[in-house]
$ cat query.cif   # mmCIF, C-alpha atoms
data_work
#
loop_
_atom_site.label_atom_id
_atom_site.label_comp_id
_atom_site.auth_asym_id
_atom_site.auth_seq_id
_atom_site.Cartn_x
_atom_site.Cartn_y
_atom_site.Cartn_z
CA MET A 22 173.49 124.82 37.73
CA ALA A 23 170.20 124.32 35.92
CA THR A 24 169.67 120.88 37.42
CA GLU A 25 170.47 122.21 40.84
CA LYS A 26 167.90 124.94 40.40
CA GLY A 27 165.38 122.36 39.20
CA ALA A 28 165.89 120.29 42.31
CA GLU A 29 165.29 123.32 44.48
CA GLU A 30 162.10 124.11 42.66
CA GLY A 31 161.02 120.53 43.28
CA GLY A 32 160.87 121.53 46.93
CA LEU A 33 163.93 119.81 48.37
CA VAL A 34 165.70 122.69 50.09
CA PHE A 35 167.93 121.79 52.99
CA HIS A 36 169.25 124.49 55.25
CA PRO A 37 169.67 122.49 58.46
CA MET A 38 172.32 124.82 59.87
CA ASP A 39 170.47 128.10 59.25
CA GLN A 40 168.77 127.80 62.62
CA PHE A 41 172.14 128.29 64.33
CA ILE A 42 172.96 131.60 62.64
CA VAL A 43 173.46 134.46 65.09
CA LYS A 44 171.30 137.36 63.90
CA PRO A 45 170.72 140.83 65.34
CA LEU A 46 167.12 141.22 66.46
CA PHE A 47 166.90 144.87 65.38
CA GLY A 48 168.33 145.92 62.04
CA ASP A 49 170.79 144.09 59.88
CA GLY A 50 174.11 145.42 61.04
CA PRO A 51 177.17 143.47 62.09
CA VAL A 52 177.16 141.57 65.36
CA GLY A 53 179.10 143.58 67.89
CA LEU A 54 179.86 142.80 71.52
CA PHE A 55 176.72 144.39 72.96
CA THR A 56 174.37 143.87 70.01
CA ILE A 57 170.96 142.50 70.98
CA THR A 58 170.74 139.26 68.99
CA ASN A 59 168.78 136.03 69.19
CA VAL A 60 171.57 134.83 71.51
CA THR A 61 170.72 137.64 73.93
CA LEU A 62 166.98 136.95 73.66
CA TRP A 63 167.18 133.23 74.36
CA MET A 64 169.69 133.62 77.17
CA ALA A 65 167.38 136.20 78.74
CA LEU A 66 164.52 133.74 78.38
CA ALA A 67 166.66 131.11 80.11
CA ILE A 68 167.22 133.51 83.00
CA ALA A 69 163.49 134.25 83.10
CA ALA A 70 162.64 130.54 83.13
CA VAL A 71 165.14 129.80 85.92
CA ALA A 72 163.83 132.72 87.95
CA ALA A 73 160.22 131.69 87.34
CA LEU A 74 160.84 128.17 88.57
CA MET A 75 163.26 128.83 91.41
CA ILE A 76 161.91 132.15 92.75
CA LEU A 77 158.26 132.52 91.74
CA GLY A 78 157.70 128.77 92.14
CA THR A 79 158.98 128.81 95.72
CA SER A 80 157.60 132.24 96.70
CA ARG A 81 154.99 130.74 99.04
CA ARG A 82 157.64 128.75 100.98
CA ALA A 83 154.96 126.13 101.63
CA VAL A 84 155.71 123.16 103.86
CA ILE A 85 153.29 121.24 101.65
CA PRO A 86 154.62 122.32 98.24
CA SER A 87 152.67 123.32 95.17
CA ARG A 88 153.49 121.57 91.91
CA THR A 89 155.99 124.22 90.77
CA GLN A 90 157.64 124.30 94.18
CA SER A 91 157.93 120.51 94.06
CA VAL A 92 159.80 120.74 90.77
CA ALA A 93 162.13 123.40 92.15
CA GLU A 94 162.79 121.29 95.25
CA LEU A 95 163.31 118.25 93.05
CA ALA A 96 165.95 120.11 91.00
CA TYR A 97 167.62 121.31 94.21
CA GLY A 98 167.64 117.84 95.76
CA PHE A 99 168.81 116.23 92.53
CA ILE A 100 171.91 118.42 92.16
CA TYR A 101 172.59 118.65 95.89
CA LYS A 102 172.63 114.87 96.21
CA MET A 103 174.73 114.54 93.06
CA VAL A 104 177.38 116.93 94.38
CA GLU A 105 177.37 115.24 97.79
CA ASP A 106 177.50 111.68 96.43
CA VAL A 107 179.96 112.19 93.59
CA ALA A 108 182.27 114.94 94.81
CA GLY A 109 181.91 114.55 98.58
CA LYS A 110 180.67 116.72 101.43
CA ASP A 111 183.45 119.31 101.12
CA ALA A 112 182.36 119.99 97.53
CA LEU A 113 179.05 121.41 98.75
CA ALA A 114 180.66 124.86 98.79
CA PHE A 115 180.51 124.64 94.99
CA PHE A 116 176.87 123.62 94.99
CA PRO A 117 175.48 127.03 93.86
CA TYR A 118 178.06 127.13 91.05
CA ILE A 119 177.18 123.62 89.81
CA MET A 120 173.48 124.37 90.22
CA THR A 121 173.96 127.46 88.02
CA LEU A 122 175.60 125.38 85.29
CA PHE A 123 172.90 122.73 85.44
CA MET A 124 169.95 125.14 85.48
CA PHE A 125 171.37 127.17 82.60
CA ILE A 126 172.11 124.14 80.41
CA VAL A 127 168.85 122.35 81.11
CA PHE A 128 166.75 125.45 80.44
CA ALA A 129 168.75 126.50 77.38
CA ASN A 130 168.33 122.97 75.98
CA PHE A 131 164.59 122.83 76.63
CA LEU A 132 163.97 126.37 75.37
CA GLY A 133 165.87 125.38 72.23
CA LEU A 134 163.22 122.72 71.63
CA VAL A 135 160.51 125.36 71.28
CA PRO A 136 159.74 125.58 67.55
CA MET A 137 161.54 128.49 65.84
CA ALA A 138 163.76 128.90 68.91
CA PHE A 139 167.48 129.56 68.89
CA THR A 140 169.48 127.04 70.90
CA THR A 141 172.27 128.80 72.76
CA THR A 142 173.87 125.55 73.95
CA SER A 143 174.33 124.37 70.34
CA HIS A 144 177.17 126.86 69.96
CA PHE A 145 180.73 125.93 70.78
CA ALA A 146 181.30 129.50 71.94
CA VAL A 147 178.91 128.81 74.83
CA THR A 148 179.90 125.25 75.70
CA VAL A 149 183.63 125.91 75.42
CA VAL A 150 183.30 128.74 77.92
CA LEU A 151 181.24 126.54 80.25
CA ALA A 152 183.78 123.72 80.00
CA LEU A 153 186.75 126.07 80.44
CA LEU A 154 185.10 127.60 83.51
CA VAL A 155 184.90 124.13 85.02
CA PHE A 156 188.43 123.25 83.89
CA VAL A 157 189.97 126.44 85.31
CA THR A 158 187.97 126.21 88.54
CA VAL A 159 188.91 122.58 89.06
CA THR A 160 192.59 123.20 88.35
CA ILE A 161 192.80 126.23 90.66
CA VAL A 162 190.87 124.47 93.43
CA GLY A 163 193.13 121.43 93.04
CA PHE A 164 196.29 123.45 93.50
CA VAL A 165 194.91 125.66 96.26
CA LYS A 166 193.58 122.76 98.34
CA ASN A 167 196.38 120.26 97.75
CA GLY A 168 199.38 122.31 96.58
CA ALA A 169 201.95 120.28 94.69
CA LYS A 170 200.23 117.08 95.82
CA PHE A 171 197.62 117.81 93.16
CA LEU A 172 200.20 116.66 90.61
CA GLY A 173 199.88 113.21 92.20
CA LEU A 174 196.74 112.94 90.08
CA PHE A 175 199.06 112.30 87.12
CA TRP A 176 201.50 110.06 88.98
CA VAL A 177 199.70 106.70 89.29
CA SER A 178 201.37 105.32 92.42
CA SER A 179 199.57 101.97 92.15
CA ALA A 180 201.19 101.21 88.76
CA PRO A 181 204.67 99.63 88.34
CA LEU A 182 207.42 102.26 88.52
CA ALA A 183 208.53 101.73 84.90
CA LEU A 184 205.05 102.43 83.60
CA ARG A 185 204.46 105.56 85.65
CA PRO A 186 206.07 108.13 83.29
CA ILE A 187 204.09 106.78 80.34
CA LEU A 188 200.89 106.78 82.38
CA ALA A 189 201.69 110.31 83.52
CA ILE A 190 201.84 111.49 79.91
CA ILE A 191 198.53 109.76 79.14
CA GLU A 192 196.94 111.21 82.28
CA ILE A 193 198.14 114.72 81.42
CA ILE A 194 196.80 114.45 77.87
CA SER A 195 193.46 113.12 79.13
CA TYR A 196 193.33 115.93 81.68
CA PHE A 197 193.74 118.58 79.01
CA VAL A 198 191.33 116.84 76.64
CA ARG A 199 188.63 117.06 79.31
CA PRO A 200 187.37 120.57 78.42
CA VAL A 201 187.36 119.64 74.72
CA SER A 202 185.22 116.53 75.17
CA HIS A 203 183.18 118.26 77.84
CA SER A 204 182.19 121.09 75.49
CA ILE A 205 181.91 119.22 72.19
CA ARG A 206 179.72 116.52 73.76
CA LEU A 207 177.07 119.05 74.78
CA ALA A 208 177.09 121.26 71.68
CA GLY A 209 177.47 118.29 69.33
CA ASN A 210 174.50 116.38 70.76
CA VAL A 211 172.21 119.39 70.77
CA MET A 212 173.29 120.59 67.32
CA ALA A 213 173.04 117.15 65.69
CA GLY A 214 169.51 116.54 66.95
CA HIS A 215 168.26 119.93 65.77
CA ALA A 216 169.94 119.54 62.39
CA VAL A 217 168.44 116.09 61.88
CA ILE A 218 164.97 117.43 62.67
CA LYS A 219 165.50 120.18 60.09
CA VAL A 220 166.59 117.63 57.47
CA PHE A 221 163.46 115.54 58.09
CA ALA A 222 161.41 118.73 57.84
CA GLY A 223 163.03 119.41 54.47
CA PHE A 224 161.84 116.03 53.17
CA ALA A 225 158.27 116.92 54.12
CA ALA A 226 158.07 119.08 50.98
CA ILE A 227 157.49 115.87 49.01
CA ALA A 228 153.81 115.08 49.56
CA VAL A 229 154.27 111.29 49.51
CA VAL A 230 157.06 111.35 52.05
CA SER A 231 155.56 113.95 54.36
CA PRO A 232 153.62 111.57 56.69
CA VAL A 233 156.81 109.57 57.26
CA SER A 234 158.61 112.83 57.76
CA VAL A 235 156.13 114.02 60.38
CA VAL A 236 156.44 110.73 62.27
CA ALA A 237 160.22 110.93 62.08
CA ILE A 238 160.23 114.51 63.36
CA THR A 239 157.95 113.52 66.23
CA ALA A 240 160.21 110.61 67.17
CA MET A 241 163.35 112.78 66.91
CA TYR A 242 161.68 115.44 69.02
CA GLY A 243 160.98 112.90 71.74
CA LEU A 244 164.58 111.77 71.58
CA GLU A 245 165.75 115.38 71.73
CA VAL A 246 163.72 116.00 74.89
CA LEU A 247 165.61 113.10 76.44
CA VAL A 248 168.95 114.30 75.08
CA SER A 249 168.31 117.81 76.42
CA PHE A 250 168.03 116.54 79.97
CA ILE A 251 170.64 113.81 79.69
CA GLN A 252 173.30 116.15 78.31
CA ALA A 253 172.67 118.65 81.09
CA TYR A 254 172.91 115.79 83.57
CA VAL A 255 176.10 114.45 81.98
CA PHE A 256 177.72 117.87 81.95
CA THR A 257 176.87 118.38 85.61
CA ILE A 258 177.94 114.95 86.83
CA LEU A 259 181.25 115.23 84.93
CA THR A 260 181.79 118.57 86.62
CA CYS A 261 181.27 116.81 89.93
CA VAL A 262 183.70 114.05 88.96
CA TYR A 263 186.38 116.60 87.99
CA LEU A 264 185.76 118.46 91.22
CA LYS A 265 186.24 115.25 93.17
CA ASP A 266 189.62 114.81 91.45
CA ALA A 267 190.57 118.31 92.51
CA LEU A 268 189.52 117.84 96.13
CA HIS A 269 190.78 114.28 96.58
CA PRO A 270 193.50 113.78 93.95
CA SER A 271 194.80 110.44 95.26
CA HIS A 272 194.02 107.62 92.85
CA MET B 11 167.72 137.84 36.86
CA ALA B 12 169.16 134.40 36.49
CA THR B 13 172.58 135.51 37.59
CA GLU B 14 171.07 137.31 40.54
CA THR B 15 169.25 134.18 41.72
CA ASN B 16 172.38 132.16 41.19
CA ALA B 17 174.39 134.63 43.20
CA ALA B 18 171.85 134.46 45.99
CA ASP B 19 171.89 130.69 45.81
CA ALA B 20 175.64 130.68 45.90
CA ALA B 21 175.64 132.92 48.95
CA GLN B 22 173.09 130.68 50.62
CA GLY B 23 175.00 127.63 49.54
CA ALA B 24 178.13 129.05 51.09
CA ALA B 25 176.35 129.69 54.37
CA ALA B 26 174.37 126.48 54.54
CA PRO B 27 177.05 123.79 54.46
CA GLY B 28 179.36 125.68 56.80
CA MET B 29 178.71 125.62 60.53
CA PRO B 30 177.61 128.93 62.04
CA GLN B 31 179.20 127.57 65.20
CA LEU B 32 182.65 127.97 63.63
CA ASP B 33 182.05 131.61 62.69
CA PHE B 34 184.45 133.03 65.23
CA SER B 35 183.50 136.64 64.49
CA ASN B 36 180.58 136.52 66.93
CA TRP B 37 182.23 134.48 69.70
CA ASP B 38 183.05 137.57 71.72
CA HIS B 39 179.39 138.57 71.52
CA GLN B 40 178.13 135.13 72.63
CA ILE B 41 180.70 134.84 75.40
CA PHE B 42 179.80 138.28 76.73
CA TRP B 43 176.09 137.48 76.95
CA LEU B 44 176.83 134.01 78.35
CA MET B 45 178.87 135.52 81.17
CA VAL B 46 176.08 138.00 81.89
CA THR B 47 173.56 135.15 81.94
CA LEU B 48 175.66 132.93 84.20
CA VAL B 49 176.34 135.74 86.66
CA VAL B 50 172.65 136.65 86.81
CA ILE B 51 171.57 133.02 87.29
CA TYR B 52 174.31 132.53 89.90
CA PHE B 53 173.11 135.47 91.96
CA VAL B 54 169.45 134.55 91.51
CA LEU B 55 170.18 131.04 92.78
CA SER B 56 172.76 131.68 95.50
CA ARG B 57 171.14 134.81 96.96
CA ILE B 58 167.44 133.98 96.74
CA ALA B 59 166.40 130.57 95.49
CA LEU B 60 168.80 128.12 97.11
CA PRO B 61 168.69 129.51 100.69
CA ARG B 62 164.91 129.68 100.43
CA ILE B 63 164.58 126.08 99.25
CA ALA B 64 167.08 124.91 101.87
CA ALA B 65 164.99 126.65 104.55
CA VAL B 66 161.78 125.10 103.25
CA LEU B 67 163.36 121.63 103.17
CA ALA B 68 164.75 122.04 106.70
CA GLU B 69 161.39 123.25 107.95
CA ARG B 70 159.66 120.30 106.34
CA GLN B 71 162.19 117.91 107.86
CA GLY B 72 161.51 119.45 111.26
CA THR B 73 157.77 119.19 110.78
CA ILE B 74 158.06 115.57 109.72
CA THR B 75 160.27 114.72 112.71
CA ASN B 76 157.80 116.41 115.08
CA ASP B 77 154.86 114.69 113.45
CA ILE B 78 156.55 111.31 113.73
CA ALA B 79 157.26 111.93 117.42
CA ALA B 80 153.64 112.95 117.95
CA ALA B 81 152.49 109.86 116.08
CA ASP B 82 154.69 107.66 118.28
CA GLU B 83 153.20 109.27 121.36
CA LEU B 84 149.68 108.73 120.09
CA LYS B 85 150.54 105.13 119.27
CA ALA B 86 151.78 104.55 122.84
CA LYS B 87 148.54 106.12 124.08
CA ALA B 88 146.52 103.85 121.86
CA VAL B 89 148.37 100.80 123.20
CA GLU B 90 147.72 102.00 126.73
CA ALA B 91 144.03 102.53 125.96
CA GLU B 92 143.81 99.06 124.49
CA GLU B 93 145.37 97.58 127.61
CA ALA B 94 142.90 99.48 129.78
CA TYR B 95 140.05 98.29 127.61
CA ASN B 96 141.22 94.68 127.84
CA LYS B 97 141.56 95.00 131.61
CA ALA B 98 138.08 96.50 131.90
CA LEU B 99 136.74 93.71 129.74
CA ALA B 100 138.39 91.05 131.93
CA ASP B 101 137.10 92.78 135.10
CA ALA B 102 133.60 92.92 133.67
CA ARG B 103 133.77 89.25 132.79
CA ALA B 104 134.90 88.32 136.31
CA GLU B 105 132.19 90.52 137.81
CA ALA B 106 129.56 88.90 135.61
CA GLN B 107 130.85 85.47 136.61
CA ARG B 108 130.63 86.43 140.26
CA ILE B 109 127.09 87.81 139.90
CA ILE B 110 125.99 84.68 138.09
CA SER B 111 127.37 82.36 140.74
CA GLU B 112 125.86 84.52 143.50
CA ALA B 113 122.48 84.46 141.81
CA LYS B 114 122.79 80.70 141.39
CA ALA B 115 123.58 80.23 145.07
CA GLU B 116 120.69 82.48 146.06
CA ILE B 117 118.30 80.63 143.82
CA GLN B 118 119.60 77.35 145.26
CA THR B 119 118.94 78.50 148.85
CA GLU B 120 115.51 79.76 147.94
CA LEU B 121 114.79 76.49 146.22
CA ASP B 122 116.03 74.51 149.21
CA GLU B 123 113.92 76.61 151.55
CA ALA B 124 110.84 76.19 149.40
CA THR B 125 111.43 72.44 149.19
CA ALA B 126 111.83 72.16 152.94
CA LYS B 127 108.70 74.19 153.50
CA ALA B 128 106.77 72.09 151.05
CA ASP B 129 108.09 68.92 152.71
CA ALA B 130 107.02 70.20 156.15
CA GLU B 131 103.58 71.09 154.83
CA ILE B 132 103.24 67.72 153.21
CA ALA B 133 104.31 66.01 156.46
CA GLU B 134 101.85 68.12 158.44
CA LYS B 135 99.00 67.33 156.05
CA THR B 136 99.89 63.63 156.21
CA ALA B 137 99.90 63.68 159.98
CA GLU B 138 96.56 65.45 160.04
CA GLY B 139 95.10 62.92 157.62
CA GLU B 140 96.41 60.03 159.64
CA LYS B 141 94.93 61.51 162.77
CA LYS B 142 91.58 61.95 161.08
CA ILE B 143 91.70 58.37 159.83
CA ALA B 144 92.52 57.20 163.35
CA GLU B 145 89.67 59.22 164.76
CA ILE B 146 87.29 57.84 162.16
CA GLN B 147 88.54 54.32 162.94
CA ALA B 148 88.07 54.85 166.63
CA SER B 149 84.58 56.22 166.21
CA ALA B 150 83.76 53.35 163.86
CA MET B 151 84.99 50.89 166.49
CA GLU B 152 82.87 52.55 169.09
CA SER B 153 79.83 52.46 166.84
CA VAL B 154 80.48 48.79 166.07
CA GLN B 155 80.69 48.07 169.84
CA VAL B 156 77.44 49.89 170.55
CA VAL B 157 75.67 48.22 167.65
CA ALA B 158 77.07 44.82 168.68
CA LYS B 159 75.96 45.25 172.32
CA ASP B 160 72.49 46.39 171.27
CA THR B 161 72.20 43.60 168.74
CA ALA B 162 73.47 41.04 171.23
CA ALA B 163 71.04 42.24 173.87
CA GLU B 164 68.19 42.15 171.39
CA ILE B 165 69.16 38.68 170.17
CA VAL B 166 69.39 37.42 173.73
CA ALA B 167 66.02 38.96 174.49
CA ALA B 168 64.53 37.46 171.39
CA LEU B 169 65.83 34.05 172.39
CA GLY B 170 63.92 34.47 175.59
CA GLY B 171 66.80 35.16 177.86
CA LYS B 172 67.33 37.98 180.12
CA ALA B 173 70.12 40.10 178.86
CA ASP B 174 72.52 40.98 181.51
CA ALA B 175 74.25 44.15 180.46
CA LYS B 176 77.50 43.28 182.18
CA THR B 177 77.74 39.86 180.57
CA VAL B 178 76.89 41.21 177.14
CA ASN B 179 79.56 43.90 177.43
CA ALA B 180 82.17 41.37 178.46
CA ALA B 181 81.24 39.03 175.61
CA VAL B 182 81.37 41.78 173.02
CA ALA B 183 84.69 43.06 174.34
CA ASN B 184 85.99 39.50 174.30
CA ARG B 185 84.87 39.06 170.69
CA MET B 186 86.24 42.36 169.60
CA LYS B 187 89.68 41.54 170.92
CA GLY B 188 90.01 38.61 169.00
#

$ encode --input "query.cif" --output "structure tokens"
Amino acid sequence: MATEKGAEEGGLVFHPMDQFIVKPLFGDGPVGLFTITNVTLWMALAIAAVAALMILGTSRRAVIPSRTQSVAELAYGFIYKMVEDVAGKDALAFFPYIMTLFMFIVFANFLGLVPMAFTTTSHFAVTVVLALLVFVTVTIVGFVKNGAKFLGLFWVSSAPLALRPILAIIEIISYFVRPVSHSIRLAGNVMAGHAVIKVFAGFAAIAVVSPVSVVAITAMYGLEVLVSFIQAYVFTILTCVYLKDALHPSH
Amino acid sequence: MATETNAADAAQGAAAPGMPQLDFSNWDHQIFWLMVTLVVIYFVLSRIALPRIAAVLAERQGTITNDIAAADELKAKAVEAEEAYNKALADARAEAQRIISEAKAEIQTELDEATAKADAEIAEKTAEGEKKIAEIQASAMESVQVVAKDTAAEIVAALGGKADAKTVNAAVANRMKG
């Protein structure tokens, strides 16, 4: 115990996961359903950022766009084209839904990179719900549009007959693993990057190491900016791929 | 004091290694606010932002199509204008050629006329000169005849003869002939 205490006094204190703790903003009470916490604050900021870009940015409806309007149009075109290319024209009915997912994830990720921020997408509670929403939507759409033919997704008709039951089991397992990988990929990437930055920051307490630490944090931060966008992109494009399976289940 | 710090450390230590993400007691809270957020963003996008951006993009597409059509029209006009210009240039060249050849022909006629006139004048002058020379020759002949007759008559008289005018004239004429 004494040695442990000595180490802490030496300055090496690592609390890389403290940044993910859900805390009430007012008072110290327990976290109830409607408590205003840092989760509430940063989700509200995400809404504000989306609204600022997509509504205020396009408020002039200019044929020759301003810079903000260009970014909004770019985001629109990016997701619209992705849905059309990956999931097909008949998936465009789901475009607002997919756009919502993308805008929320991308803004939550980027807002999480603000120093001292709370990253909502680093929590499994959030990403599991996002992934389950996609999973449930895709499954329901699959059955509504194709009926029992949707089960053909698991029955690989191009494989030899003897192999088909085995493949069906594998396909069913992979289908149900989808929401797990879908959610853990996003939260895991975001959480790992933030935790690593915090660990590097902890090393900065040693004066000799601190320049290296600052460089490492800067490099990690750059990587995290990339990861923030790429994970939002990956989540969205996988949603499109799953949606394509639901709309056109034939292998 | 020491135990208090240790207790605090222990509490911190318990919180730090564990993942706050796996603290299921606040999942209901997070899920509630997530649903609120998603619904708000969905309505913001589907009711306001996306239709607006779609309209702007469609309008821009229309403007671009119109502008391209207008540009094509202007291009055709430019080609037409160039053709007209080339035609005008060719016409002007032909006209210039024609004027040059006309001027040349005119100058040639004038030159011919002037030459002919000069030739006629020269011929006239020559004729006049020849006539004058002939006149002078004739008068010289006459003078020679008169002088010869007088001289002959004087010589005959000096020789003691009687100069017969008729004989003298005939002799002089005879001499002059040949």

$ resolve_selection --input "query.cif" --expression "the PyMOL selection byres ((chain B) within 6 of (chain A))" --output "NGL selection string"
:B and (26 or 30-31 or 37 or 39 or 52 or 56 or 59 or 66 or 70)

$ atom_distance --input "query.cif" --atom1 "atom CA of A:Met103" --atom2 "atom CA of A:Tyr242"
27.4 Å

$ resolve_selection --input "query.cif" --expression "the PyMOL selection byres ((chain B and resi 185) around 12)" --output "list in words"
Val154, Gln155, Ala158, Lys159, Ala162, Val178, Asn179, Ala180, Ala181, Val182, Ala183, Asn184, Met186, Lys187 and Gly188 of chain B

$ atom_distance --input "query.cif" --atom1 "atom CA of A:His203" --atom2 "atom CA of A:Val248"
15.0 Å

$ resolve_selection --input "query.cif" --expression "the PyMOL selection byres ((chain A and resi 220) around 10)" --output "ChimeraX atom specification"
/A:33-38,214-219,221-225,234,238

$ axis_aligned_box --input "query.cif" --around "stretch 88-99 of chain B" --padding-each-side "8 Å" --output "JSON"
{"center_x": 142.6, "center_y": 98.8, "center_z": 126.9, "size_x": 27.6, "size_y": 26.1, "size_z": 26.0}

$ build_atoms --input "query.cif" --residues "stretch 59-74 of chain A" --atoms "N, CA, C and O atoms" --output "short mmCIF file (atom, residue, chain, number, x, y, z; two decimals), in the frame of the given file"
data_model
loop_
_atom_site.label_atom_id
_atom_site.label_comp_id
_atom_site.auth_asym_id
_atom_site.auth_seq_id
_atom_site.Cartn_x
_atom_site.Cartn_y
_atom_site.Cartn_z
N ASN A 59 169.57 137.16 68.69
CA ASN A 59 168.78 136.03 69.19
C ASN A 59 169.49 135.32 70.34
O ASN A 59 168.85 134.75 71.21
N VAL A 60 170.83 135.39 70.36
CA VAL A 60 171.57 134.83 71.51
C VAL A 60 171.12 135.53 72.79
O VAL A 60 170.76 134.88 73.79
N THR A 61 171.12 136.86 72.75
CA THR A 61 170.72 137.64 73.93
C THR A 61 169.30 137.28 74.35
O THR A 61 169.03 137.05 75.54
N LEU A 62 168.39 137.22 73.36
CA LEU A 62 166.98 136.95 73.66
C LEU A 62 166.83 135.61 74.37
O LEU A 62 166.19 135.52 75.42
N TRP A 63 167.43 134.57 73.79
CA TRP A 63 167.18 133.23 74.36
C TRP A 63 167.93 133.00 75.66
O TRP A 63 167.48 132.22 76.49
N MET A 64 169.04 133.70 75.86
CA MET A 64 169.69 133.62 77.17
C MET A 64 168.85 134.34 78.21
O MET A 64 168.70 133.87 79.35
N ALA A 65 168.26 135.48 77.81
CA ALA A 65 167.38 136.20 78.74
C ALA A 65 166.18 135.35 79.09
O ALA A 65 165.74 135.31 80.25
N LEU A 66 165.66 134.63 78.10
CA LEU A 66 164.52 133.74 78.38
C LEU A 66 164.93 132.63 79.34
O LEU A 66 164.14 132.21 80.19
N ALA A 67 166.17 132.14 79.18
CA ALA A 67 166.66 131.11 80.11
C ALA A 67 166.69 131.65 81.53
O ALA A 67 166.26 130.99 82.48
N ILE A 68 167.20 132.89 81.67
CA ILE A 68 167.22 133.51 83.00
C ILE A 68 165.79 133.61 83.54
O ILE A 68 165.52 133.28 84.70
N ALA A 69 164.88 134.07 82.67
CA ALA A 69 163.49 134.25 83.10
C ALA A 69 162.89 132.91 83.54
O ALA A 69 162.20 132.84 84.56
N ALA A 70 163.20 131.85 82.79
CA ALA A 70 162.64 130.54 83.13
C ALA A 70 163.20 130.05 84.47
O ALA A 70 162.46 129.55 85.32
N VAL A 71 164.54 130.22 84.65
CA VAL A 71 165.14 129.80 85.92
C VAL A 71 164.52 130.58 87.08
O VAL A 71 164.15 130.01 88.11
N ALA A 72 164.39 131.89 86.88
CA ALA A 72 163.83 132.72 87.95
C ALA A 72 162.38 132.34 88.22
O ALA A 72 161.95 132.28 89.38
N ALA A 73 161.63 132.06 87.16
CA ALA A 73 160.22 131.69 87.34
C ALA A 73 160.10 130.42 88.15
O ALA A 73 159.28 130.33 89.07
N LEU A 74 160.94 129.44 87.84
CA LEU A 74 160.84 128.17 88.57
C LEU A 74 161.37 128.31 90.00
O LEU A 74 160.70 127.92 90.96
#
